[in-house]
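Note: the block below is data08.pdb and it holds PDB, C-alpha atoms, pLDDT in the B column.
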ATOM      1  CA  MET A   1       0.000   0.000   0.000  1.00 84.00           C
ATOM      2  CA  ALA A   2       2.746   2.425   1.035  1.00 85.00           C
ATOM      3  CA  ASN A   3       4.609   1.605  -2.158  1.00 88.00           C
ATOM      4  CA  LEU A   4       1.558   2.396  -4.228  1.00 90.00           C
ATOM      5  CA  ILE A   5       1.136   5.767  -2.512  1.00 90.00           C
ATOM      6  CA  ILE A   6       4.795   6.659  -3.129  1.00 87.00           C
ATOM      7  CA  PHE A   7       4.412   5.627  -6.753  1.00 86.00           C
ATOM      8  CA  LEU A   8       1.309   7.781  -7.233  1.00 89.00           C
ATOM      9  CA  VAL A   9       2.892  10.774  -5.481  1.00 88.00           C
ATOM     10  CA  LEU A  10       5.982  10.504  -7.694  1.00 86.00           C
ATOM     11  CA  LEU A  11       3.746  10.192 -10.749  1.00 86.00           C
ATOM     12  CA  VAL A  12       1.800  13.348  -9.882  1.00 88.00           C
ATOM     13  CA  LEU A  13       4.969  15.278  -8.934  1.00 87.00           C
ATOM     14  CA  GLY A  14       6.627  14.190 -12.160  1.00 85.00           C
ATOM     15  CA  TYR A  15       3.612  15.194 -14.222  1.00 88.00           C
ATOM     16  CA  VAL A  16       3.125  18.630 -12.635  1.00 89.00           C
ATOM     17  CA  PHE A  17       6.783  19.684 -12.415  1.00 87.00           C
ATOM     18  CA  GLY A  18       7.786  17.980 -15.648  1.00 86.00           C
ATOM     19  CA  GLN A  19       5.091  19.744 -17.672  1.00 88.00           C
ATOM     20  CA  MET A  20       5.947  23.044 -16.020  1.00 88.00           C
ATOM     21  CA  ALA A  21       9.662  22.662 -16.695  1.00 88.00           C
ATOM     22  CA  GLU A  22       9.050  21.624 -20.287  1.00 89.00           C
ATOM     23  CA  ARG A  23       6.732  24.541 -21.023  1.00 91.00           C
ATOM     24  CA  ARG A  24       9.166  27.008 -19.459  1.00 92.00           C
ATOM     25  CA  HIS A  25      12.073  25.506 -21.362  1.00 92.00           C
ATOM     26  CA  PHE A  26      10.305  25.657 -24.737  1.00 93.00           C
ATOM     27  CA  LYS A  27       9.340  29.278 -24.083  1.00 94.00           C
ATOM     28  CA  SER A  28      12.933  30.250 -23.351  1.00 94.00           C
ATOM     29  CA  ILE A  29      14.183  28.254 -26.368  1.00 94.00           C
ATOM     30  CA  ILE A  30      11.819  30.096 -28.723  1.00 94.00           C
ATOM     31  CA  GLU A  31      12.799  33.436 -27.223  1.00 94.00           C
ATOM     32  CA  ARG A  32      16.518  32.786 -27.552  1.00 93.00           C
ATOM     33  CA  GLU A  33      16.138  31.365 -31.062  1.00 93.00           C
ATOM     34  CA  ARG A  34      14.691  34.713 -32.051  1.00 93.00           C
ATOM     35  CA  GLN A  35      17.547  36.506 -30.306  1.00 93.00           C
ATOM     36  CA  TYR A  36      20.266  34.521 -32.134  1.00 92.00           C
ATOM     37  CA  LYS A  37      18.479  34.494 -35.502  1.00 91.00           C
ATOM     38  CA  HIS A  38      21.258  36.519 -37.135  1.00 92.00           C
ATOM     39  CA  ILE A  39      23.830  33.743 -36.591  1.00 91.00           C
ATOM     40  CA  MET A  40      23.374  31.300 -39.443  1.00 90.00           C
ATOM     41  CA  CYS A  41      24.125  27.611 -39.042  1.00 92.00           C
ATOM     42  CA  PHE A  42      25.189  25.398 -41.942  1.00 91.00           C
ATOM     43  CA  ASN A  43      26.168  21.791 -42.040  1.00 89.00           C
ATOM     44  CA  GLU A  44      28.263  22.224 -45.164  1.00 87.00           C
ATOM     45  CA  ARG A  45      31.931  21.479 -44.892  1.00 85.00           C
ATOM     46  CA  THR A  46      33.075  23.888 -47.548  1.00 83.00           C
ATOM     47  CA  LEU A  47      32.827  27.634 -47.294  1.00 83.00           C
ATOM     48  CA  PRO A  48      31.349  29.663 -50.144  1.00 80.00           C
ATOM     49  CA  PRO A  49      34.198  30.787 -52.446  1.00 76.00           C
ATOM     50  CA  GLN A  50      33.577  34.495 -51.879  1.00 73.00           C
ATOM     51  CA  THR A  51      34.034  34.184 -48.108  1.00 71.00           C
ATOM     52  CA  ILE A  52      36.627  36.509 -46.677  1.00 72.00           C
ATOM     53  CA  SER A  53      37.185  35.853 -43.033  1.00 68.00           C
ATOM     54  CA  PRO A  54      40.458  36.360 -41.245  1.00 74.00           C
ATOM     55  CA  GLU A  55      39.592  34.255 -38.227  1.00 85.00           C
ATOM     56  CA  VAL A  56      37.968  30.938 -37.423  1.00 88.00           C
ATOM     57  CA  ALA A  57      37.244  29.247 -34.112  1.00 90.00           C
ATOM     58  CA  LEU A  58      35.704  26.035 -32.881  1.00 92.00           C
ATOM     59  CA  VAL A  59      32.492  26.632 -30.927  1.00 94.00           C
ATOM     60  CA  ALA A  60      30.445  24.078 -29.074  1.00 93.00           C
ATOM     61  CA  GLY A  61      27.462  23.707 -26.793  1.00 94.00           C
ATOM     62  CA  ASN A  62      26.274  20.790 -24.731  1.00 92.00           C
ATOM     63  CA  VAL A  63      23.360  19.968 -22.492  1.00 93.00           C
ATOM     64  CA  VAL A  64      22.184  17.014 -20.432  1.00 89.00           C
ATOM     65  CA  ILE A  65      18.431  16.821 -19.926  1.00 90.00           C
ATOM     66  CA  SER A  66      16.589  14.361 -17.766  1.00 86.00           C
ATOM     67  CA  ILE A  67      13.103  13.003 -18.313  1.00 85.00           C
ATOM     68  CA  ASP A  68      10.508  13.234 -15.541  1.00 86.00           C
ATOM     69  CA  TYR A  69       8.998  10.285 -13.688  1.00 84.00           C
ATOM     70  CA  PHE A  70       5.576  10.472 -15.321  1.00 87.00           C
ATOM     71  CA  LYS A  71       6.950  10.413 -18.836  1.00 86.00           C
ATOM     72  CA  ARG A  72       9.280   7.572 -17.969  1.00 83.00           C
ATOM     73  CA  ILE A  73       6.299   5.460 -16.902  1.00 84.00           C
ATOM     74  CA  VAL A  74       4.383   6.449 -20.057  1.00 85.00           C
ATOM     75  CA  ALA A  75       7.407   5.521 -22.182  1.00 83.00           C
ATOM     76  CA  GLY A  76       7.559   2.201 -20.332  1.00 81.00           C
ATOM     77  CA  LEU A  77       3.944   1.523 -21.301  1.00 84.00           C
ATOM     78  CA  ASN A  78       4.741   2.488 -24.894  1.00 82.00           C
ATOM     79  CA  ASN A  79       7.372  -0.215 -24.834  1.00 78.00           C
ATOM     80  CA  ILE A  80       4.630  -2.786 -24.419  1.00 85.00           C
ATOM     81  CA  PHE A  81       2.274  -1.539 -27.129  1.00 84.00           C
ATOM     82  CA  GLY A  82       4.829  -0.098 -29.528  1.00 81.00           C
ATOM     83  CA  GLY A  83       4.382   3.039 -31.610  1.00 82.00           C
ATOM     84  CA  ARG A  84       5.579   6.574 -31.168  1.00 84.00           C
ATOM     85  CA  VAL A  85       7.234   7.418 -27.889  1.00 83.00           C
ATOM     86  CA  ALA A  86       6.216  11.071 -27.736  1.00 84.00           C
ATOM     87  CA  ALA A  87       7.721  11.464 -24.247  1.00 83.00           C
ATOM     88  CA  TYR A  88      11.254  10.974 -25.547  1.00 85.00           C
ATOM     89  CA  GLU A  89      10.663  12.889 -28.771  1.00 89.00           C
ATOM     90  CA  SER A  90      10.094  16.156 -26.934  1.00 89.00           C
ATOM     91  CA  LEU A  91      13.024  15.461 -24.583  1.00 89.00           C
ATOM     92  CA  ILE A  92      15.486  15.019 -27.430  1.00 91.00           C
ATOM     93  CA  GLU A  93      14.080  17.971 -29.352  1.00 92.00           C
ATOM     94  CA  ARG A  94      14.592  20.200 -26.317  1.00 92.00           C
ATOM     95  CA  ALA A  95      18.135  18.953 -25.865  1.00 93.00           C
ATOM     96  CA  ARG A  96      19.088  19.497 -29.524  1.00 94.00           C
ATOM     97  CA  ARG A  97      17.663  22.985 -29.738  1.00 94.00           C
ATOM     98  CA  GLU A  98      19.274  23.946 -26.427  1.00 94.00           C
ATOM     99  CA  ALA A  99      22.698  22.630 -27.501  1.00 95.00           C
ATOM    100  CA  ILE A 100      22.510  24.579 -30.776  1.00 95.00           C
ATOM    101  CA  LEU A 101      21.526  27.716 -28.878  1.00 95.00           C
ATOM    102  CA  ARG A 102      24.489  27.365 -26.519  1.00 95.00           C
ATOM    103  CA  MET A 103      26.799  26.931 -29.475  1.00 95.00           C
ATOM    104  CA  LYS A 104      25.324  30.077 -31.036  1.00 95.00           C
ATOM    105  CA  ALA A 105      25.745  31.949 -27.754  1.00 94.00           C
ATOM    106  CA  GLU A 106      29.430  31.043 -27.710  1.00 94.00           C
ATOM    107  CA  ALA A 107      29.787  32.195 -31.337  1.00 93.00           C
ATOM    108  CA  GLU A 108      28.077  35.456 -30.412  1.00 92.00           C
ATOM    109  CA  THR A 109      30.540  36.191 -27.597  1.00 93.00           C
ATOM    110  CA  LEU A 110      33.418  35.609 -30.028  1.00 92.00           C
ATOM    111  CA  GLY A 111      31.808  37.904 -32.595  1.00 89.00           C
ATOM    112  CA  GLY A 112      31.051  35.211 -35.154  1.00 89.00           C
ATOM    113  CA  GLN A 113      28.387  35.686 -37.820  1.00 87.00           C
ATOM    114  CA  SER A 114      27.934  32.164 -39.113  1.00 90.00           C
ATOM    115  CA  ILE A 115      28.727  28.599 -38.099  1.00 92.00           C
ATOM    116  CA  PHE A 116      29.851  26.001 -40.617  1.00 91.00           C
ATOM    117  CA  ASN A 117      30.036  22.226 -40.483  1.00 92.00           C
ATOM    118  CA  VAL A 118      27.656  21.863 -37.559  1.00 94.00           C
ATOM    119  CA  LYS A 119      27.699  18.376 -36.115  1.00 93.00           C
ATOM    120  CA  LEU A 120      25.298  17.029 -33.528  1.00 93.00           C
ATOM    121  CA  GLU A 121      26.164  14.145 -31.302  1.00 90.00           C
ATOM    122  CA  THR A 122      23.668  12.418 -29.037  1.00 89.00           C
ATOM    123  CA  ALA A 123      24.500  10.068 -26.199  1.00 83.00           C
ATOM    124  CA  SER A 124      22.482   8.577 -23.378  1.00 77.00           C
ATOM    125  CA  ILE A 125      24.685   8.978 -20.354  1.00 65.00           C
ATOM    126  CA  TYR A 126      22.610   7.827 -17.443  1.00 59.00           C
ATOM    127  CA  LYS A 127      20.742   4.614 -17.004  1.00 57.00           C
ATOM    128  CA  GLY A 128      18.034   4.683 -14.357  1.00 50.00           C
ATOM    129  CA  SER A 129      16.515   1.738 -12.547  1.00 52.00           C
ATOM    130  CA  GLY A 130      15.460  -1.067 -14.825  1.00 52.00           C
ATOM    131  CA  GLN A 131      18.039  -0.090 -17.443  1.00 51.00           C
ATOM    132  CA  GLN A 132      15.782   2.630 -18.797  1.00 56.00           C
ATOM    133  CA  VAL A 133      17.481   5.612 -20.270  1.00 59.00           C
ATOM    134  CA  GLY A 134      16.723   8.510 -17.980  1.00 73.00           C
ATOM    135  CA  SER A 135      18.592  11.339 -19.618  1.00 81.00           C
ATOM    136  CA  VAL A 136      20.181  12.340 -22.854  1.00 86.00           C
ATOM    137  CA  GLU A 137      23.225  14.417 -23.732  1.00 88.00           C
ATOM    138  CA  VAL A 138      23.458  16.411 -26.932  1.00 92.00           C
ATOM    139  CA  TYR A 139      26.688  18.023 -28.051  1.00 93.00           C
ATOM    140  CA  ALA A 140      26.691  20.483 -30.940  1.00 94.00           C
ATOM    141  CA  TYR A 141      29.897  21.823 -32.458  1.00 94.00           C
ATOM    142  CA  GLY A 142      30.975  23.753 -35.497  1.00 94.00           C
ATOM    143  CA  THR A 143      33.384  26.316 -36.886  1.00 92.00           C
ATOM    144  CA  THR A 144      32.467  29.956 -36.590  1.00 92.00           C
ATOM    145  CA  LEU A 145      33.739  32.642 -38.925  1.00 89.00           C
ATOM    146  CA  ILE A 146      34.756  35.887 -37.264  1.00 87.00           C
ATOM    147  CA  LYS A 147      34.905  38.977 -39.379  1.00 80.00           C
ATOM    148  CA  ARG A 148      37.367  41.575 -38.123  1.00 70.00           C
ATOM    149  CA  THR A 149      36.474  45.102 -39.088  1.00 63.00           C
TER     150      THR A 149
ATOM    151  CA  MET B   1      46.912  27.335 -32.245  1.00 88.00           C
ATOM    152  CA  ILE B   2      43.846  27.386 -34.499  1.00 90.00           C
ATOM    153  CA  ILE B   3      41.318  24.604 -34.062  1.00 92.00           C
ATOM    154  CA  THR B   4      38.493  24.076 -36.543  1.00 91.00           C
ATOM    155  CA  ASN B   5      36.302  21.279 -37.784  1.00 90.00           C
ATOM    156  CA  ILE B   6      36.411  22.338 -41.439  1.00 89.00           C
ATOM    157  CA  GLU B   7      39.061  21.178 -43.860  1.00 87.00           C
ATOM    158  CA  ILE B   8      40.629  24.488 -44.750  1.00 83.00           C
ATOM    159  CA  ILE B   9      41.452  27.663 -42.952  1.00 85.00           C
ATOM    160  CA  PRO B  10      40.173  30.600 -44.966  1.00 81.00           C
ATOM    161  CA  GLY B  11      42.832  33.030 -46.049  1.00 81.00           C
ATOM    162  CA  LYS B  12      45.698  30.707 -45.123  1.00 85.00           C
ATOM    163  CA  THR B  13      47.466  27.927 -46.942  1.00 88.00           C
ATOM    164  CA  ILE B  14      48.461  24.626 -45.450  1.00 91.00           C
ATOM    165  CA  VAL B  15      52.160  24.019 -45.926  1.00 92.00           C
ATOM    166  CA  LYS B  16      52.436  20.576 -44.393  1.00 92.00           C
ATOM    167  CA  HIS B  17      50.197  17.848 -43.000  1.00 92.00           C
ATOM    168  CA  LEU B  18      51.564  16.153 -39.903  1.00 93.00           C
ATOM    169  CA  GLY B  19      48.982  13.408 -39.470  1.00 92.00           C
ATOM    170  CA  MET B  20      46.393  12.716 -36.854  1.00 94.00           C
ATOM    171  CA  VAL B  21      46.547  13.964 -33.292  1.00 95.00           C
ATOM    172  CA  GLN B  22      44.244  12.850 -30.539  1.00 94.00           C
ATOM    173  CA  GLY B  23      43.317  13.466 -26.942  1.00 94.00           C
ATOM    174  CA  ASN B  24      41.084  11.533 -24.629  1.00 92.00           C
ATOM    175  CA  THR B  25      39.870  11.465 -21.072  1.00 92.00           C
ATOM    176  CA  VAL B  26      37.794   9.027 -19.055  1.00 90.00           C
ATOM    177  CA  ARG B  27      35.559  10.541 -16.419  1.00 85.00           C
ATOM    178  CA  ALA B  28      33.330   9.104 -13.759  1.00 79.00           C
ATOM    179  CA  LYS B  29      30.505  10.967 -12.115  1.00 72.00           C
ATOM    180  CA  HIS B  30      30.663  11.373  -8.355  1.00 69.00           C
ATOM    181  CA  VAL B  31      28.081  10.314  -5.822  1.00 67.00           C
ATOM    182  CA  GLY B  32      26.740  13.761  -4.962  1.00 68.00           C
ATOM    183  CA  ARG B  33      25.938  14.458  -8.553  1.00 69.00           C
ATOM    184  CA  ASP B  34      24.358  11.043  -8.861  1.00 70.00           C
ATOM    185  CA  ILE B  35      21.971  11.768  -6.006  1.00 74.00           C
ATOM    186  CA  MET B  36      20.988  15.106  -7.541  1.00 73.00           C
ATOM    187  CA  ALA B  37      20.481  13.357 -10.866  1.00 71.00           C
ATOM    188  CA  GLY B  38      18.187  10.896  -9.102  1.00 72.00           C
ATOM    189  CA  PHE B  39      15.982  13.780  -7.964  1.00 75.00           C
ATOM    190  CA  LYS B  40      15.995  15.296 -11.405  1.00 75.00           C
ATOM    191  CA  ASN B  41      14.836  12.000 -12.819  1.00 75.00           C
ATOM    192  CA  ILE B  42      11.578  12.552 -10.943  1.00 78.00           C
ATOM    193  CA  PHE B  43      11.015  16.212 -11.788  1.00 81.00           C
ATOM    194  CA  GLY B  44      12.693  16.389 -15.181  1.00 82.00           C
ATOM    195  CA  GLY B  45      14.918  19.202 -16.368  1.00 83.00           C
ATOM    196  CA  GLU B  46      18.551  19.906 -17.026  1.00 86.00           C
ATOM    197  CA  LEU B  47      21.267  18.060 -15.113  1.00 84.00           C
ATOM    198  CA  LYS B  48      23.623  21.006 -14.719  1.00 85.00           C
ATOM    199  CA  GLY B  49      26.234  18.971 -12.871  1.00 82.00           C
ATOM    200  CA  TYR B  50      26.534  16.512 -15.730  1.00 83.00           C
ATOM    201  CA  THR B  51      26.553  19.263 -18.343  1.00 87.00           C
ATOM    202  CA  GLU B  52      29.501  20.913 -16.603  1.00 87.00           C
ATOM    203  CA  LEU B  53      31.287  17.615 -16.055  1.00 86.00           C
ATOM    204  CA  LEU B  54      31.084  16.678 -19.732  1.00 87.00           C
ATOM    205  CA  GLN B  55      32.050  20.165 -20.839  1.00 90.00           C
ATOM    206  CA  GLU B  56      35.157  20.109 -18.611  1.00 90.00           C
ATOM    207  CA  ALA B  57      36.042  16.649 -19.855  1.00 90.00           C
ATOM    208  CA  ARG B  58      35.774  17.748 -23.500  1.00 92.00           C
ATOM    209  CA  GLU B  59      37.908  20.793 -22.825  1.00 92.00           C
ATOM    210  CA  GLU B  60      40.540  18.533 -21.305  1.00 94.00           C
ATOM    211  CA  SER B  61      40.538  16.160 -24.270  1.00 94.00           C
ATOM    212  CA  VAL B  62      40.922  19.129 -26.633  1.00 94.00           C
ATOM    213  CA  ALA B  63      43.764  20.441 -24.456  1.00 95.00           C
ATOM    214  CA  ARG B  64      45.543  17.082 -24.704  1.00 95.00           C
ATOM    215  CA  MET B  65      45.060  17.014 -28.444  1.00 95.00           C
ATOM    216  CA  THR B  66      46.446  20.546 -28.703  1.00 95.00           C
ATOM    217  CA  GLN B  67      49.441  19.573 -26.563  1.00 94.00           C
ATOM    218  CA  GLN B  68      50.200  16.677 -28.865  1.00 94.00           C
ATOM    219  CA  ALA B  69      49.918  18.932 -31.913  1.00 94.00           C
ATOM    220  CA  GLU B  70      52.281  21.458 -30.359  1.00 94.00           C
ATOM    221  CA  ALA B  71      54.762  18.717 -29.542  1.00 95.00           C
ATOM    222  CA  ILE B  72      55.090  17.792 -33.218  1.00 94.00           C
ATOM    223  CA  GLY B  73      55.389  21.401 -34.292  1.00 92.00           C
ATOM    224  CA  ALA B  74      51.948  22.090 -35.710  1.00 93.00           C
ATOM    225  CA  ASN B  75      50.259  25.464 -35.462  1.00 91.00           C
ATOM    226  CA  ALA B  76      46.713  24.388 -36.288  1.00 93.00           C
ATOM    227  CA  VAL B  77      44.430  21.374 -35.985  1.00 94.00           C
ATOM    228  CA  ILE B  78      41.794  20.962 -38.682  1.00 92.00           C
ATOM    229  CA  ASN B  79      38.895  18.590 -39.206  1.00 92.00           C
ATOM    230  CA  VAL B  80      38.357  18.030 -35.490  1.00 94.00           C
ATOM    231  CA  ARG B  81      35.785  15.419 -34.450  1.00 93.00           C
ATOM    232  CA  PHE B  82      34.400  14.483 -31.064  1.00 93.00           C
ATOM    233  CA  SER B  83      33.280  11.083 -29.959  1.00 90.00           C
ATOM    234  CA  THR B  84      31.810   9.691 -26.746  1.00 86.00           C
ATOM    235  CA  SER B  85      31.674   6.120 -25.552  1.00 83.00           C
ATOM    236  CA  SER B  86      30.558   4.635 -22.267  1.00 77.00           C
ATOM    237  CA  ILE B  87      33.079   2.121 -21.046  1.00 75.00           C
ATOM    238  CA  THR B  88      31.461   0.833 -17.867  1.00 73.00           C
ATOM    239  CA  ALA B  89      28.399   1.919 -15.949  1.00 70.00           C
ATOM    240  CA  GLY B  90      29.164   5.326 -14.499  1.00 68.00           C
ATOM    241  CA  ALA B  91      32.188   6.220 -16.612  1.00 76.00           C
ATOM    242  CA  ALA B  92      32.440   7.726 -20.062  1.00 80.00           C
ATOM    243  CA  GLU B  93      35.298   8.334 -22.431  1.00 87.00           C
ATOM    244  CA  LEU B  94      35.456  11.585 -24.349  1.00 89.00           C
ATOM    245  CA  PHE B  95      37.695  11.598 -27.342  1.00 92.00           C
ATOM    246  CA  ALA B  96      38.783  14.411 -29.665  1.00 94.00           C
ATOM    247  CA  TYR B  97      40.829  13.910 -32.818  1.00 95.00           C
ATOM    248  CA  GLY B  98      41.925  15.914 -35.796  1.00 95.00           C
ATOM    249  CA  THR B  99      44.646  16.541 -38.356  1.00 95.00           C
ATOM    250  CA  ALA B 100      47.679  18.553 -37.294  1.00 95.00           C
ATOM    251  CA  VAL B 101      48.941  20.934 -39.950  1.00 94.00           C
ATOM    252  CA  ILE B 102      51.476  23.685 -40.379  1.00 94.00           C
ATOM    253  CA  LEU B 103      50.071  26.922 -41.749  1.00 91.00           C
ATOM    254  CA  GLU B 104      52.035  29.437 -43.673  1.00 84.00           C
TER     255      GLU B 104
END
Structure rendered as C-alpha cells:
Amino acid sequence: MANLIIFLVLLVLGYVFGQMAERRHFKSIIERERQYKHIMCFNERTLPPQTISPEVALVAGNVVISIDYFKRIVAGLNNIFGGRVAAYESLIERARREAILRMKAEAETLGGQSIFNVKLETASIYKGSGQQVGSVEVYAYGTTLIKRT
Amino acid sequence: MIITNIEIIPGKTIVKHLGMVQGNTVRAKHVGRDIMAGFKNIFGGELKGYTELLQEAREESVARMTQQAEAIGANAVINVRFSTSSITAGAAELFAYGTAVILE
C-alpha cells in the first residue's frame, strides 16, 4: 500500500513539475532562437568561395536533460504496445535545440556571424533503474567565422 | 593554435600535414551528482552537474590534443571530431581527434 502511494505521489509530482519545466524551457528556447536568428548555421563542410574571413574558431554547446517520472512510466507503457514514444521525442528535441543555442551563444561572444560544419552528437549517459534511459546528452559543435572590421 | 572542424582555414594555406593527433579522457561521475540526478529523474529538467562535467572533460581532451599537436610542431588542428563512448556503468570516455597541420 505504502509503495503504491509513493508511486502515485511521484507520478503526480513528475507530471506537474515535468510539464511546467518543459513549457518554461520551450518558451525560453523560442525566445533565444529569435535573439540569435542573425547567426546562421550550416552543415556544409566547404565555405562559399567568396568568403573573406580572417579568423575561425571552434564553438560548441552541450546539455544534459533528464526526463521526468511520469513520462518515464508512459514511455515504459509504450514499450509494451509499440508506436511513437512522444515522451522521448520532446526530450530530445529540447536537448538538440538547447545545444545549438548554446553553441550560437558562444559564437556570439566571439563575434562570429555564421557557423559552418555543424555536427550534432547524441548520447544517453545515465541509465536509471530497470536499465531505462533517464537522460540524454546532446553536443553540438561547429566552426564559426569571425569577421574583423 | 587554431582549431576548426572544417578542412581548410580561410585566407591561409596549409604548408604541411603532420597526421592525426588525438586526446582523450575518461571521467566518472561522483556520488553527490548522482543523487541530484536521481531527484531530477523525478522532476525532469537539465542536469547542470553533468553538463559541466562533460564540458570540462571535453575541454581537457581538446587540451591534450592541442598539446600533442604542439609537440610535433603544428600550429593548427583541422577537421576536429568528437566522440563519446561509455566504457562501464558510471564512466564515459570523451575523445577528440583531428589533423595537425602547419600553416604558412
Check every residue of chain B for an atom within 9 Å of chain A, counting only C-alpha atoms, and provide those that qualify as a ChimeraX atom specification.
-> /B:2-12,37-38,40-52,54-55,80-86,89-92
In Å, how far is it from atom CA of Gly23 of chain B to atom CA of Thr66 of chain B?
-> 7.9 Å
Written as a list in words, what is the full residue list that the PyMOL selection byres ((chain A and resi 30-32) around 10) yields on the file shown?
->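 In the shown coordinates, the PyMOL selection byres ((chain A and resi 30-32) around 10) covers His25, Phe26, Lys27, Ser28, Ile29, Glu33, Arg34, Gln35, Tyr36, Lys37, Arg97, Glu98, Leu101, Arg102, Lys104 and Ala105 of chain A.
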Residue subset to file, keeping C-alpha atoms, as a CSV table (one decimal), in the coordinates of the input:
chain,number,residue,atom,x,y,z
A,25,HIS,CA,12.1,25.5,-21.4
A,26,PHE,CA,10.3,25.7,-24.7
A,27,LYS,CA,9.3,29.3,-24.1
A,28,SER,CA,12.9,30.2,-23.4
A,29,ILE,CA,14.2,28.3,-26.4
A,33,GLU,CA,16.1,31.4,-31.1
A,34,ARG,CA,14.7,34.7,-32.1
A,35,GLN,CA,17.5,36.5,-30.3
A,36,TYR,CA,20.3,34.5,-32.1
A,37,LYS,CA,18.5,34.5,-35.5
A,97,ARG,CA,17.7,23.0,-29.7
A,98,GLU,CA,19.3,23.9,-26.4
A,101,LEU,CA,21.5,27.7,-28.9
A,102,ARG,CA,24.5,27.4,-26.5
A,104,LYS,CA,25.3,30.1,-31.0
A,105,ALA,CA,25.7,31.9,-27.8
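Picture a line from atom CA of Glu89 of chain A to atom CA of Gly76 of chain A; it runs 14.0 Å.
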Residues selected by the PyMOL selection byres ((chain B and resi 72) around 12), written as a tab-separated table (two decimals) with C-alpha atoms, in the coordinates of the input:
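To be explicit, this is the file written out as expr_34.tsv:
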chain	number	residue	atom	x	y	z
B	16	LYS	CA	52.44	20.58	-44.39
B	17	HIS	CA	50.20	17.85	-43.00
B	18	LEU	CA	51.56	16.15	-39.90
B	19	GLY	CA	48.98	13.41	-39.47
B	20	MET	CA	46.39	12.72	-36.85
B	21	VAL	CA	46.55	13.96	-33.29
B	65	MET	CA	45.06	17.01	-28.44
B	66	THR	CA	46.45	20.55	-28.70
B	67	GLN	CA	49.44	19.57	-26.56
B	68	GLN	CA	50.20	16.68	-28.86
B	69	ALA	CA	49.92	18.93	-31.91
B	70	GLU	CA	52.28	21.46	-30.36
B	71	ALA	CA	54.76	18.72	-29.54
B	73	GLY	CA	55.39	21.40	-34.29
B	74	ALA	CA	51.95	22.09	-35.71
B	75	ASN	CA	50.26	25.46	-35.46
B	76	ALA	CA	46.71	24.39	-36.29
B	77	VAL	CA	44.43	21.37	-35.98
B	99	THR	CA	44.65	16.54	-38.36
B	100	ALA	CA	47.68	18.55	-37.29
B	101	VAL	CA	48.94	20.93	-39.95
B	102	ILE	CA	51.48	23.68	-40.38
Set up a box along x, y and z of the file covering all listed atoms of segment 6-22 of chain B, add 4 Å on every one of the six sides, and write the centre and edge lengths in Å to one decimal, as JSON.
{"center_x": 44.4, "center_y": 22.9, "center_z": -38.7, "size_x": 24.0, "size_y": 28.3, "size_z": 24.4}
By how many Å are atom CA of Leu53 of chain B and atom CA of Met1 of chain B apart?
-> 24.5 Å
With only C-alpha atoms as the basis for distance, which of B:Phe39, B:Glu59, B:Asn24, B:Thr13 is at the shortest distance from Tyr97 of chain B?
-> B:Asn24
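Proximity to Gln22 of chain B was assessed for B:Ser61, B:Glu104, B:Asp34, B:Asn79 counting all atoms listed in the file; the smallest distance is recorded for B:Ser61.
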Which residue of B:Leu103, B:Ile78, B:Ala28, B:Ala96 approaches Ala63 of chain B most closely, using all atoms listed in the file | B:Ala96
